[in-house]
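Okay, model-v1.txt now, which holds compact mmCIF, C-alpha atoms and all ligand atoms:
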```txt
# COMPACT_ATOMS: atom_id res chain seq x y z
CA MET Y 960 74.08 120.49 88.95
CA SER Y 961 73.01 123.87 90.24
CA SER Y 962 75.56 126.06 91.95
CA ASP Y 963 74.28 125.43 95.48
CA GLN Y 964 74.71 121.65 94.98
CA ALA Y 965 78.28 121.78 93.69
CA PRO Y 966 80.76 121.04 96.47
CA LYS Y 967 82.71 124.09 97.46
CA LYS Y 968 86.37 123.81 96.57
CA GLU Y 969 87.50 125.01 99.99
CA LEU Y 970 85.41 122.26 101.62
CA ALA Y 971 87.15 119.43 99.77
CA ALA Y 972 90.62 118.09 100.61
CA VAL Y 973 93.37 119.35 98.29
CA LYS Y 974 93.77 117.12 95.22
CA GLY Y 975 95.92 114.09 95.97
CA THR Y 976 95.53 114.34 99.76
CA HIS Y 977 93.22 112.41 102.04
CA ASP Y 978 91.83 112.47 105.55
CA ILE Y 979 92.42 109.54 107.89
CA LEU Y 980 89.24 109.33 109.92
CA PRO Y 981 88.36 107.60 113.19
CA GLY Y 982 87.62 103.97 112.33
CA GLU Y 983 90.62 103.91 109.99
CA VAL Y 984 93.10 105.83 112.12
CA GLU Y 985 93.24 102.97 114.64
CA ILE Y 986 95.02 100.86 112.00
CA TRP Y 987 97.52 103.68 111.44
CA GLN Y 988 98.11 103.97 115.18
CA LYS Y 989 98.65 100.22 115.42
CA VAL Y 990 101.22 100.33 112.59
CA GLU Y 991 102.95 103.34 114.15
CA THR Y 992 103.18 101.90 117.67
CA THR Y 993 104.30 98.50 116.37
CA ALA Y 994 107.03 100.08 114.24
CA THR Y 995 108.15 102.46 116.99
CA ARG Y 996 108.47 99.70 119.60
CA LEU Y 997 110.29 97.40 117.20
CA PHE Y 998 112.78 100.03 116.02
CA GLU Y 999 113.49 101.21 119.56
CA SER Y 1000 114.16 97.61 120.60
CA TYR Y 1001 117.02 97.69 118.04
CA GLY Y 1002 118.40 100.91 119.52
CA TYR Y 1003 116.88 103.31 116.97
CA ARG Y 1004 115.68 106.75 118.02
CA GLU Y 1005 113.17 109.07 116.39
CA LEU Y 1006 114.46 112.05 114.41
CA ARG Y 1007 111.79 114.55 113.33
CA ALA Y 1008 112.80 116.86 110.52
CA PRO Y 1009 110.63 119.64 109.04
CA ILE Y 1010 108.28 118.85 106.17
CA ILE Y 1011 109.88 121.55 103.99
CA GLU Y 1012 113.51 121.86 102.93
CA HIS Y 1013 115.46 123.95 100.46
CA THR Y 1014 114.90 122.51 96.98
CA GLU Y 1015 118.67 122.20 96.46
CA LEU Y 1016 118.85 119.57 99.22
CA PHE Y 1017 116.85 117.10 97.15
CA GLU Y 1018 118.44 118.10 93.87
CA LYS Y 1019 121.80 117.32 95.41
CA GLY Y 1020 120.78 114.43 97.63
CA THR Y 1021 118.27 112.49 95.59
CA GLY Y 1022 120.07 112.95 92.31
CA ARG Y 1023 119.20 114.98 89.28
CA THR Y 1024 118.55 112.00 87.03
CA THR Y 1025 115.91 110.32 89.13
CA ASP Y 1026 112.23 110.74 88.38
CA VAL Y 1027 111.61 112.01 91.88
CA VAL Y 1028 113.63 115.10 91.04
CA THR Y 1029 113.05 115.49 87.34
CA LYS Y 1030 109.29 115.56 87.37
CA GLU Y 1031 107.66 114.79 90.68
CA MET Y 1032 108.82 117.23 93.33
CA TYR Y 1033 106.26 119.37 95.13
CA THR Y 1034 108.16 122.62 94.80
CA PHE Y 1035 107.06 126.22 95.23
CA VAL Y 1036 108.51 129.67 95.70
CA ASP Y 1037 107.74 131.13 99.13
CA LYS Y 1038 107.01 134.76 99.94
CA GLY Y 1039 110.70 135.43 100.42
CA GLY Y 1040 111.46 134.20 96.91
CA ARG Y 1041 113.10 130.95 98.12
CA SER Y 1042 112.57 127.68 96.31
CA ILE Y 1043 111.05 125.33 98.86
CA THR Y 1044 110.20 121.65 98.43
CA LEU Y 1045 107.85 119.47 100.42
CA ARG Y 1046 110.13 116.51 101.08
CA PRO Y 1047 109.73 113.69 98.51
CA GLU Y 1048 111.71 111.29 100.71
CA TYR Y 1049 113.30 111.39 104.12
CA THR Y 1050 116.94 110.39 103.73
CA PRO Y 1051 118.27 113.81 102.56
CA SER Y 1052 116.53 115.51 105.52
CA VAL Y 1053 118.23 113.16 108.01
CA ALA Y 1054 121.59 113.66 106.31
CA ARG Y 1055 121.05 117.42 106.46
CA ALA Y 1056 120.15 117.27 110.18
CA ILE Y 1057 123.28 115.23 110.92
CA VAL Y 1058 125.51 117.75 109.17
CA GLU Y 1059 123.73 120.75 110.70
CA HIS Y 1060 123.87 119.46 114.28
CA ARG Y 1061 127.08 117.44 113.87
CA LEU Y 1062 125.31 114.39 115.28
CA ASP Y 1063 128.29 112.35 114.09
CA LEU Y 1064 130.36 113.91 116.88
CA LEU Y 1065 128.03 112.90 119.72
CA GLY Y 1066 129.32 109.37 119.97
CA THR Y 1067 125.78 107.95 120.16
CA PRO Y 1068 124.56 105.30 117.68
CA MET Y 1069 123.33 107.05 114.55
CA ARG Y 1070 120.23 104.94 114.12
CA TYR Y 1071 117.11 106.92 113.34
CA TYR Y 1072 113.51 106.30 112.40
CA TYR Y 1073 110.60 108.49 111.44
CA ILE Y 1074 106.99 107.97 110.41
CA GLY Y 1075 105.22 110.78 108.57
CA PRO Y 1076 104.06 112.44 105.36
CA MET Y 1077 106.11 112.80 102.17
CA PHE Y 1078 105.02 114.60 99.00
CA HIS Y 1079 105.27 114.33 95.26
CA TYR Y 1080 103.52 116.24 92.58
CA ASP Y 1081 102.54 113.67 90.02
CA LYS Y 1082 99.13 112.94 88.63
CA PRO Y 1083 96.99 111.58 91.45
CA GLN Y 1084 95.58 108.14 90.70
CA LYS Y 1085 94.12 105.30 92.69
CA GLY Y 1086 96.43 104.46 95.57
CA ARG Y 1087 98.89 107.26 94.68
CA TYR Y 1088 98.67 110.44 96.66
CA ARG Y 1089 100.48 113.76 96.55
CA GLN Y 1090 100.71 113.55 100.32
CA PHE Y 1091 101.60 109.99 101.20
CA HIS Y 1092 103.18 108.49 104.29
CA GLN Y 1093 106.34 106.56 104.91
CA ILE Y 1094 108.03 104.63 107.66
CA ASP Y 1095 111.67 105.53 107.30
CA VAL Y 1096 114.73 103.98 108.93
CA GLU Y 1097 118.34 105.16 108.60
CA VAL Y 1098 121.67 104.05 110.04
CA PHE Y 1099 124.82 106.11 109.62
CA ALA Y 1100 128.50 105.48 110.22
CA GLU Y 1101 128.19 101.67 110.38
CA LYS Y 1102 129.79 99.97 107.43
CA ASP Y 1103 129.77 96.38 108.62
CA PRO Y 1104 127.64 94.08 106.42
CA ALA Y 1105 126.05 92.70 109.60
CA VAL Y 1106 124.23 96.06 109.83
CA ASP Y 1107 122.75 95.52 106.35
CA ALA Y 1108 121.49 92.11 107.44
CA GLU Y 1109 120.13 93.49 110.70
CA ILE Y 1110 118.16 96.26 109.01
CA ILE Y 1111 116.67 93.71 106.58
CA GLU Y 1112 115.80 91.50 109.57
CA MET Y 1113 114.09 94.48 111.23
CA ALA Y 1114 112.09 95.23 108.06
CA ASP Y 1115 111.08 91.58 107.77
CA THR Y 1116 110.08 91.44 111.44
CA LEU Y 1117 107.92 94.55 111.09
CA LEU Y 1118 105.94 92.98 108.25
CA ARG Y 1119 105.59 89.65 110.05
CA VAL Y 1120 104.44 91.24 113.32
CA LEU Y 1121 101.84 93.24 111.39
CA GLY Y 1122 100.68 90.07 109.64
CA VAL Y 1123 101.68 90.83 106.04
CA ALA Y 1124 101.64 87.40 104.39
CA GLU Y 1125 103.31 86.08 101.26
CA THR Y 1126 106.36 88.30 101.33
CA GLU Y 1127 109.68 87.69 99.66
CA ILE Y 1128 112.97 89.48 100.33
CA LEU Y 1129 115.01 90.45 97.29
CA VAL Y 1130 118.64 91.50 97.64
CA ASN Y 1131 121.30 92.74 95.26
CA SER Y 1132 124.48 94.76 95.18
CA VAL Y 1133 124.62 97.87 93.01
CA GLY Y 1134 128.39 98.25 93.35
CA CYS Y 1135 130.35 101.32 94.29
CA LYS Y 1136 132.16 104.26 92.70
CA ALA Y 1137 135.02 101.93 91.82
CA CYS Y 1138 133.08 99.22 90.03
CA ARG Y 1139 129.78 100.68 88.88
CA PRO Y 1140 131.15 102.86 86.06
CA GLY Y 1141 132.48 99.72 84.33
CA TYR Y 1142 129.11 98.11 84.67
CA SER Y 1143 127.30 101.22 83.39
CA ARG Y 1144 129.51 101.20 80.31
CA ALA Y 1145 128.76 97.56 79.56
CA LEU Y 1146 125.08 98.19 80.16
CA ARG Y 1147 125.05 101.25 77.93
CA ALA Y 1148 126.76 99.33 75.13
CA GLN Y 1149 124.19 96.53 75.34
CA ALA Y 1150 121.26 98.96 75.59
CA GLU Y 1151 122.49 100.83 72.51
CA LYS Y 1152 122.24 97.58 70.53
CA VAL Y 1153 118.54 97.28 71.32
CA ARG Y 1154 117.76 101.01 71.44
CA GLY Y 1155 114.98 100.68 68.85
CA GLY Y 1156 113.08 98.24 71.05
CA LEU Y 1157 113.16 100.41 74.18
CA CYS Y 1158 110.50 102.93 75.17
CA GLU Y 1159 111.23 106.63 74.82
CA ASP Y 1160 111.87 106.98 78.55
CA CYS Y 1161 114.44 104.17 78.52
CA ARG Y 1162 116.18 105.55 75.44
CA ARG Y 1163 116.70 108.73 77.44
CA LYS Y 1164 118.00 106.67 80.37
CA ILE Y 1165 120.70 105.05 78.18
CA ASP Y 1166 122.67 108.27 78.27
CA ILE Y 1167 121.75 109.52 81.73
CA ASN Y 1168 121.67 106.41 83.91
CA PRO Y 1169 121.30 103.05 82.12
CA LEU Y 1170 120.75 101.19 85.43
CA ARG Y 1171 117.37 102.80 85.66
CA ILE Y 1172 116.17 100.90 82.58
CA PHE Y 1173 115.64 98.00 85.01
CA ASP Y 1174 112.95 100.05 86.78
CA CYS Y 1175 110.84 100.38 83.61
CA LYS Y 1176 107.41 98.76 83.77
CA VAL Y 1177 106.99 98.43 79.96
CA GLU Y 1178 106.80 94.74 78.99
CA LEU Y 1179 109.21 94.90 76.03
CA CYS Y 1180 111.75 96.93 78.01
CA ARG Y 1181 111.62 94.35 80.80
CA ALA Y 1182 112.12 91.49 78.35
CA LEU Y 1183 115.12 93.22 76.74
CA ALA Y 1184 116.59 94.12 80.15
CA LYS Y 1185 116.59 90.41 81.09
CA GLU Y 1186 119.35 89.90 78.51
CA PHE Y 1187 121.48 92.78 79.79
CA PRO Y 1188 124.78 92.04 81.56
CA GLN Y 1189 124.41 91.47 85.30
CA ILE Y 1190 126.14 93.59 87.89
CA MET Y 1191 127.47 90.63 89.90
CA GLU Y 1192 130.08 89.95 87.23
CA PHE Y 1193 131.36 93.53 87.51
CA LEU Y 1194 131.57 93.99 91.29
CA CYS Y 1195 134.97 94.86 92.75
CA SER Y 1196 136.31 92.50 95.42
CA GLU Y 1197 135.23 94.82 98.25
CA CYS Y 1198 131.62 94.95 96.99
CA ARG Y 1199 131.64 91.21 96.32
CA ASP Y 1200 132.88 90.42 99.83
CA HIS Y 1201 130.42 92.83 101.41
CA PHE Y 1202 127.50 91.21 99.60
CA ALA Y 1203 128.67 87.70 100.57
CA GLU Y 1204 128.81 88.78 104.23
CA VAL Y 1205 125.33 90.34 104.10
CA ARG Y 1206 124.00 87.04 102.77
CA LYS Y 1207 125.93 85.10 105.42
CA TYR Y 1208 124.34 87.13 108.24
CA LEU Y 1209 120.90 86.82 106.67
CA GLY Y 1210 121.48 83.07 106.64
CA LEU Y 1211 122.53 83.09 110.31
CA ALA Y 1212 119.35 84.99 111.15
CA GLY Y 1213 117.34 82.38 109.25
CA ILE Y 1214 115.97 84.93 106.80
CA PRO Y 1215 115.11 83.48 103.40
CA HIS Y 1216 115.97 85.82 100.54
CA ARG Y 1217 116.53 85.76 96.81
CA VAL Y 1218 119.27 87.51 94.85
CA GLU Y 1219 117.60 89.65 92.17
CA PRO Y 1220 120.26 90.91 89.76
CA ASN Y 1221 117.94 93.47 88.18
CA LEU Y 1222 117.11 95.13 91.49
CA VAL Y 1223 118.87 98.48 91.23
CA ARG Y 1224 116.45 100.81 93.07
CA GLY Y 1225 115.39 104.12 91.57
CA LEU Y 1226 117.65 106.50 93.41
CA ASP Y 1227 121.09 107.55 92.27
CA TYR Y 1228 122.84 107.46 95.59
CA TYR Y 1229 122.73 103.74 96.40
CA THR Y 1230 125.94 101.77 96.79
CA LYS Y 1231 126.51 98.10 97.55
CA THR Y 1232 123.42 96.55 99.18
CA ALA Y 1233 119.98 97.15 97.68
CA PHE Y 1234 116.91 95.31 98.92
CA GLU Y 1235 113.16 95.12 98.60
CA VAL Y 1236 110.41 93.19 100.27
CA ILE Y 1237 107.66 92.29 97.85
CA ASN Y 1238 104.19 91.00 98.51
CA ARG Y 1239 102.82 88.29 96.25
CA GLY Y 1240 99.28 88.38 97.63
CA GLY Y 1241 96.39 88.20 95.13
CA GLY Y 1242 98.63 87.16 92.23
CA GLN Y 1243 100.17 90.64 92.20
CA GLN Y 1244 103.73 91.58 92.93
CA ASN Y 1245 104.09 94.79 94.88
CA ALA Y 1246 107.10 96.24 96.62
CA VAL Y 1247 106.05 96.88 100.23
CA LEU Y 1248 109.34 98.28 101.32
CA GLY Y 1249 112.73 99.04 99.83
CA GLY Y 1250 116.09 100.37 100.76
CA GLY Y 1251 119.82 100.17 100.43
CA ARG Y 1252 123.21 101.47 101.35
CA TYR Y 1253 124.41 104.95 100.43
CA ASP Y 1254 128.03 105.18 101.46
CA ASP Y 1255 128.91 108.32 99.47
CA MET Y 1256 125.80 110.44 99.92
CA MET Y 1257 126.95 112.28 103.02
CA LYS Y 1258 130.31 113.20 101.51
CA ASP Y 1259 128.66 114.24 98.24
CA PHE Y 1260 126.50 116.57 100.35
CA GLY Y 1261 129.59 118.31 101.60
CA GLY Y 1262 129.20 116.57 104.97
CA PRO Y 1263 131.52 114.21 106.85
CA ASP Y 1264 132.63 111.04 105.10
CA ILE Y 1265 130.24 108.62 106.81
CA CYS Y 1266 128.36 105.76 105.25
CA GLY Y 1267 124.65 105.06 105.57
CA ILE Y 1268 121.94 102.50 104.95
CA GLY Y 1269 118.18 102.66 105.28
CA PHE Y 1270 114.76 101.70 104.03
CA ALA Y 1271 111.39 103.31 103.43
CA CYS Y 1272 107.99 101.66 103.59
CA GLY Y 1273 104.84 103.17 102.10
CA VAL Y 1274 102.23 103.23 104.85
CA GLU Y 1275 99.15 103.47 102.56
CA ARG Y 1276 100.34 100.43 100.62
CA LEU Y 1277 101.24 98.56 103.79
CA ILE Y 1278 97.85 99.21 105.36
CA ALA Y 1279 96.10 97.98 102.21
CA MET Y 1280 97.75 94.60 102.86
CA LEU Y 1281 96.68 94.29 106.48
CA SER Y 1282 93.64 92.35 107.57
CA PHE Y 1283 93.93 93.73 111.09
CA LYS Y 1284 90.61 94.78 112.63
CA PRO Y 1285 90.88 97.13 115.59
CA GLU Y 1286 89.56 95.78 118.90
CA PRO Y 1287 86.37 97.49 120.03
CA ARG Y 1288 87.21 100.06 122.70
CA LYS Y 1289 86.31 99.38 126.30
CA PHE Y 1290 84.77 102.42 127.90
CA VAL Y 1291 82.27 103.61 130.48
CA TYR Y 1292 79.30 105.72 129.45
CA VAL Y 1293 77.99 107.86 132.30
CA VAL Y 1294 74.21 108.24 132.51
CA HIS Y 1295 73.11 111.22 134.58
CA ALA Y 1296 70.01 113.40 135.06
CA GLY Y 1297 69.71 116.72 136.87
CA ASP Y 1298 72.28 119.34 137.88
CA ALA Y 1299 73.61 117.54 140.95
CA ALA Y 1300 74.05 114.28 138.96
CA LYS Y 1301 75.75 116.17 136.15
CA ALA Y 1302 78.34 117.62 138.53
CA LYS Y 1303 78.86 114.15 140.04
CA ALA Y 1304 79.23 112.64 136.54
CA VAL Y 1305 82.04 115.06 135.76
CA GLU Y 1306 83.74 114.26 139.07
CA LEU Y 1307 83.50 110.48 138.72
CA ALA Y 1308 84.57 110.58 135.07
CA ARG Y 1309 87.71 112.43 136.18
CA LEU Y 1310 88.38 109.81 138.85
CA PHE Y 1311 87.95 106.94 136.35
CA ARG Y 1312 90.16 108.59 133.72
CA VAL Y 1313 92.95 109.21 136.22
CA GLY Y 1314 92.57 105.54 137.08
CA GLY Y 1315 93.14 104.58 133.45
CA VAL Y 1316 89.54 103.88 132.43
CA GLU Y 1317 88.18 105.56 129.28
CA THR Y 1318 85.01 107.38 130.29
CA LEU Y 1319 82.52 109.32 128.18
CA VAL Y 1320 80.12 111.89 129.60
CA GLU Y 1321 77.78 113.68 127.21
CA PHE Y 1322 75.90 116.87 127.99
CA ALA Y 1323 73.09 116.80 125.47
CA GLY Y 1324 70.35 116.90 128.10
CA ARG Y 1325 68.87 113.55 127.04
CA GLY Y 1326 66.47 111.68 129.25
CA PHE Y 1327 67.57 108.66 131.28
CA LYS Y 1328 66.20 106.08 128.86
CA SER Y 1329 67.53 107.85 125.81
CA GLN Y 1330 71.00 107.92 127.39
CA PHE Y 1331 70.90 104.12 127.75
CA GLY Y 1332 70.01 103.83 124.09
CA ARG Y 1333 72.90 106.12 123.28
CA ALA Y 1334 75.38 104.02 125.35
CA ASP Y 1335 74.19 100.92 123.51
CA LYS Y 1336 74.53 102.55 120.11
CA LEU Y 1337 78.06 103.79 120.83
CA GLY Y 1338 79.08 100.31 122.00
CA ALA Y 1339 79.85 101.22 125.61
CA SER Y 1340 81.16 98.30 127.67
CA TRP Y 1341 79.67 99.63 130.89
CA VAL Y 1342 77.14 102.22 131.97
CA LEU Y 1343 77.62 104.14 135.19
CA ILE Y 1344 74.28 105.27 136.53
CA ILE Y 1345 74.00 108.46 138.59
CA GLY Y 1346 70.40 108.98 139.74
CA GLU Y 1347 68.94 110.70 142.77
CA ASP Y 1348 69.02 107.55 144.95
CA GLU Y 1349 72.66 106.91 144.09
CA LEU Y 1350 73.57 110.51 144.82
CA ALA Y 1351 71.94 110.33 148.22
CA LYS Y 1352 73.69 107.05 149.12
CA GLY Y 1353 77.06 107.89 147.63
CA GLU Y 1354 76.97 104.45 145.97
CA PHE Y 1355 76.51 104.05 142.24
CA LEU Y 1356 75.40 101.39 139.81
CA LEU Y 1357 77.67 100.00 137.15
CA LYS Y 1358 75.98 97.96 134.45
CA ASP Y 1359 77.93 95.56 132.27
CA MET Y 1360 76.36 96.03 128.82
CA ALA Y 1361 77.38 92.59 127.55
CA THR Y 1362 76.05 90.51 130.47
CA GLY Y 1363 73.50 92.87 131.97
CA THR Y 1364 75.10 92.36 135.40
CA GLN Y 1365 74.82 95.32 137.76
CA THR Y 1366 77.31 96.11 140.49
CA SER Y 1367 76.68 98.65 143.22
CA GLY Y 1368 79.42 100.36 145.21
CA SER Y 1369 81.39 103.46 146.05
CA PRO Y 1370 83.27 105.14 143.19
CA ARG Y 1371 86.59 103.63 144.40
CA VAL Y 1372 85.14 100.11 144.55
CA LEU Y 1373 83.69 100.45 141.04
CA LEU Y 1374 86.95 101.86 139.69
CA ALA Y 1375 88.92 98.96 141.17
CA ALA Y 1376 86.50 96.49 139.52
CA LEU Y 1377 86.89 98.29 136.15
CA GLN Y 1378 90.67 98.47 136.38
CA GLY Y 1379 90.80 94.69 136.55
CA ARG Y 1380 88.87 94.46 133.29
CA VAL Y 1381 90.07 97.21 130.95
CA GLY Y 1382 93.57 95.69 130.69
ZN ZN D 1401 132.69 98.08 94.25
ZN ZN D 1402 111.14 101.42 79.09
```
For the structure just supplied, provide its representation as structure tokens.
Ligand SMILES: [Zn+2]
Ligand SMILES: [Zn+2]
Amino acid sequence: MSSDQAPKKELAAVKGTHDILPGEVEIWQKVETTATRLFESYGYRELRAPIIEHTELFEKGTGRTTDVVTKEMYTFVDKGGRSITLRPEYTPSVARAIVEHRLDLLGTPMRYYYIGPMFHYDKPQKGRYRQFHQIDVEVFAEKDPAVDAEIIEMADTLLRVLGVAETEILVNSVGCKACRPGYSRALRAQAEKVRGGLCEDCRRKIDINPLRIFDCKVELCRALAKEFPQIMEFLCSECRDHFAEVRKYLGLAGIPHRVEPNLVRGLDYYTKTAFEVINRGGGQQNAVLGGGRYDDMMKDFGGPDICGIGFACGVERLIAMLSFKPEPRKFVYVVHAGDAAKAKAVELARLFRVGGVETLVEFAGRGFKSQFGRADKLGASWVLIIGEDELAKGEFLLKDMATGTQTSGSPRVLLAALQGRVG
């Protein structure tokens, strides 16, 4: 390839990032508005945190032993010599905002949601981006197990409303500070016995955090992990009761779910409830969404002692599962010729838009016939015709492109007719 054919680096998106173009963005908007309406109907409010945070926030909040921190963070030193990280997940940012603004003292429900980009710096591959997007939901200061069930119900409803089929809800308890150490010890002892069979990564996890062996995708590791002791037998009575109540409320809500003892979630800070929604479409098994409770995270941050629970849903992965096709837009294309008609086109377009009707006026100086061709090509629902006769009369022609029907009338009459049909 000669140099003038090679794409210029500055004219290509940064590695691991992607544009969301018109035609595709409508699906994103649909997901965003659906999620926003649903979450707000449960009393959640949006909390927008910055994209960048001090690196220490994630080192402290996400946990030093998780992969997110150990190898995947998008971290850089800024011009002031500070270590800055593009957020790999949202929960630490929300926790930080709560502490910084003392939102816990406001007396309002601490139920937050956010939809936006997250970042990690691993090797880009198909379906994995350095800038990816998440729907994130967090509840703080509510320890009742009914909240766990409600948040799972909300997650399930989101997927159903969007039309994600073949989903299954997996739930588990990962214990608490009182009971998990005992379980980790038992797990470590068992893992040591089969150390030789585990992959290098898992052998490292034995010492750091043996629970994370359950997250390994290597076949042999998975087979060995099936024989490991299960956390249910180690839960303290508080964790056991909490889990039983979560399941009771899920039952009352009529939400089918399966207890998956090996579901431990990748992050260090989870306590008690952990859950995932998986999609079994196409013979594959993919987690669409996952979350859990993190009752100690806030305190570990140096913040107030308030509990939390939340989930995150990968938007790229979610959208890949949707068969939703956006409705064609209904809009008016204004055909005009000559200076007087052009000025009138601008005026009537303004009137229609204020009246809630999408209206497109182009100024490319095309002929009358060519403008009709253009309206057809763009898929206009109606064409508003502004010619010399119409200008003189003050009455204009509106052509329905699907039926060919033409209506004549004053701008207000035409607008009223359109308003009844754009719905
Ligand atoms: Zn416990
Ligand atoms: Zn492994």
message = Between atom CA of Thr1230 of chain Y and atom CA of Cys1135 of chain Y, what is the distance in Å, rounded to a tenth?
response = 5.1 Å
Surrounding residues of Asp1063 of chain Y excluding itself and chain neighbours under 2 positions, 12 Å, only C-alpha atoms, as a list in words = Val1053, Ala1054, Arg1055, Ala1056, Ile1057, Val1058, Glu1059, His1060, Arg1061, Leu1065, Gly1066, Thr1067, Pro1068, Met1069, Arg1070, Val1098, Phe1099, Ala1100, Glu1101, Met1257, Gly1262, Pro1263, Asp1264, Ile1265, Cys1266 and Gly1267 of chain Y
key: All residues 7 Å or closer to Gln1090 of chain Y, all atoms listed in the file, same chain fewer than 5 positions away omitted, as a list in words   = Gly975, Thr976, Pro1076, Met1077, Phe1078 and His1079 of chain Y
request  = Can you tell me which residues come within 12 Å of ligand ZN 1401 (chain D) when counting all atoms listed in the file, ideally as a PyMOL selection string?
outcome  = chain Y and resi 1132-1142+1190-1202+1229-1232+1254
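One finds atom CA of Pro1051 of chain Y at 21.7 Å from atom CA of Glu1275 of chain Y.
In this structure, atom CA of Val1036 of chain Y sits 9.7 Å away from atom CA of Thr1014 of chain Y.
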request  = Write as a list in words the residues around ligand ZN 1402 (chain D), taking 7 Å as the cut-off and counting only C-alpha atoms and all ligand atoms.
outcome  = Leu1157, Cys1158, Glu1159, Asp1160, Cys1161, Ile1172, Cys1175, Lys1176, Val1177 and Cys1180 of chain Y
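Look at segment 1364-1366 of chain Y: the protein and nucleic acid residues within 12 Å of it, using only C-alpha atoms and passing over chain neighbours fewer than 2 places away, are Ser1340, Trp1341, Val1342, Leu1343, Ile1344, Glu1354, Phe1355, Leu1356, Leu1357, Lys1358, Asp1359, Met1360, Ala1361, Thr1362, Gly1368, Ser1369, Pro1370, Val1372, Leu1373, Leu1374, Ala1375, Ala1376 and Leu1377 of chain Y.
Take the candidates Y:Ser1143, Y:Gln1330, Y:Asn1238, Y:Asn1168 and check each one against Thr1126 of chain Y using only C-alpha atoms; the shortest distance goes to Y:Asn1238.
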Shortest interatomic distance to Phe998 of chain Y - which of Y:Val1096, Y:Phe1283, Y:Lys1085, Y:Ala1203, counting all atoms listed in the file = Y:Val1096
Edge lengths and centre in Å to one decimal, as AutoDock Vina command-line options, is what I'm after for the box along x, y and z that holds all listed atoms of segment 1137-1154 of chain Y once 3 Å is added on each side.
```
--center_x 126.4 --center_y 99.7 --center_z 81.2 --size_x 23.3 --size_y 12.3 --size_z 27.3
```
Neighbour residues at most 9 Å from (108.5, 101.2, 100.0) (all atoms listed in the file) as a PyMOL selection string = chain Y and resi 1093-1094+1235-1236+1246-1250+1270-1274+1276-1277
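With only C-alpha atoms as the atoms that count, the minimum distance from Asp1335 of chain Y to the choices Y:Val1291, Y:Ala1279, Y:Leu1006, Y:Ile1237 is reached by Y:Val1291.
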What lies within 12 Å of Ile979 of chain Y using all atoms listed in the file, ignoring chain neighbours under 3 positions off, as a compact mmCIF listing (two decimals) with C-alpha atoms, in the frame of the given file?
```
# COMPACT_ATOMS: atom_id res chain seq x y z
CA ALA Y 972 90.62 118.09 100.61
CA THR Y 976 95.53 114.34 99.76
CA GLY Y 982 87.62 103.97 112.33
CA GLU Y 983 90.62 103.91 109.99
CA VAL Y 984 93.10 105.83 112.12
CA GLU Y 985 93.24 102.97 114.64
CA ILE Y 986 95.02 100.86 112.00
CA TRP Y 987 97.52 103.68 111.44
CA GLN Y 988 98.11 103.97 115.18
CA GLN Y 1090 100.71 113.55 100.32
CA PHE Y 1091 101.60 109.99 101.20
CA HIS Y 1092 103.18 108.49 104.29
CA GLU Y 1275 99.15 103.47 102.56
CA ILE Y 1278 97.85 99.21 105.36
```
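The protein and nucleic acid residues lying at most 9 Å from segment 993-996 of chain Y are Gln988, Lys989, Ser1000, Tyr1001, Tyr1003, Arg1004, Glu1005, Tyr1072, Tyr1073, Ile1074, Ile1094, Leu1117, Val1120 and Leu1121 of chain Y, with all atoms listed in the file considered and sequence neighbours fewer than 4 positions away removed.
Nearest to Gly1251 of chain Y of all the residues Y:Pro1104, Y:Gly1156, Y:Gly1210, Y:Pro981 is Y:Pro1104, based on all atoms listed in the file.
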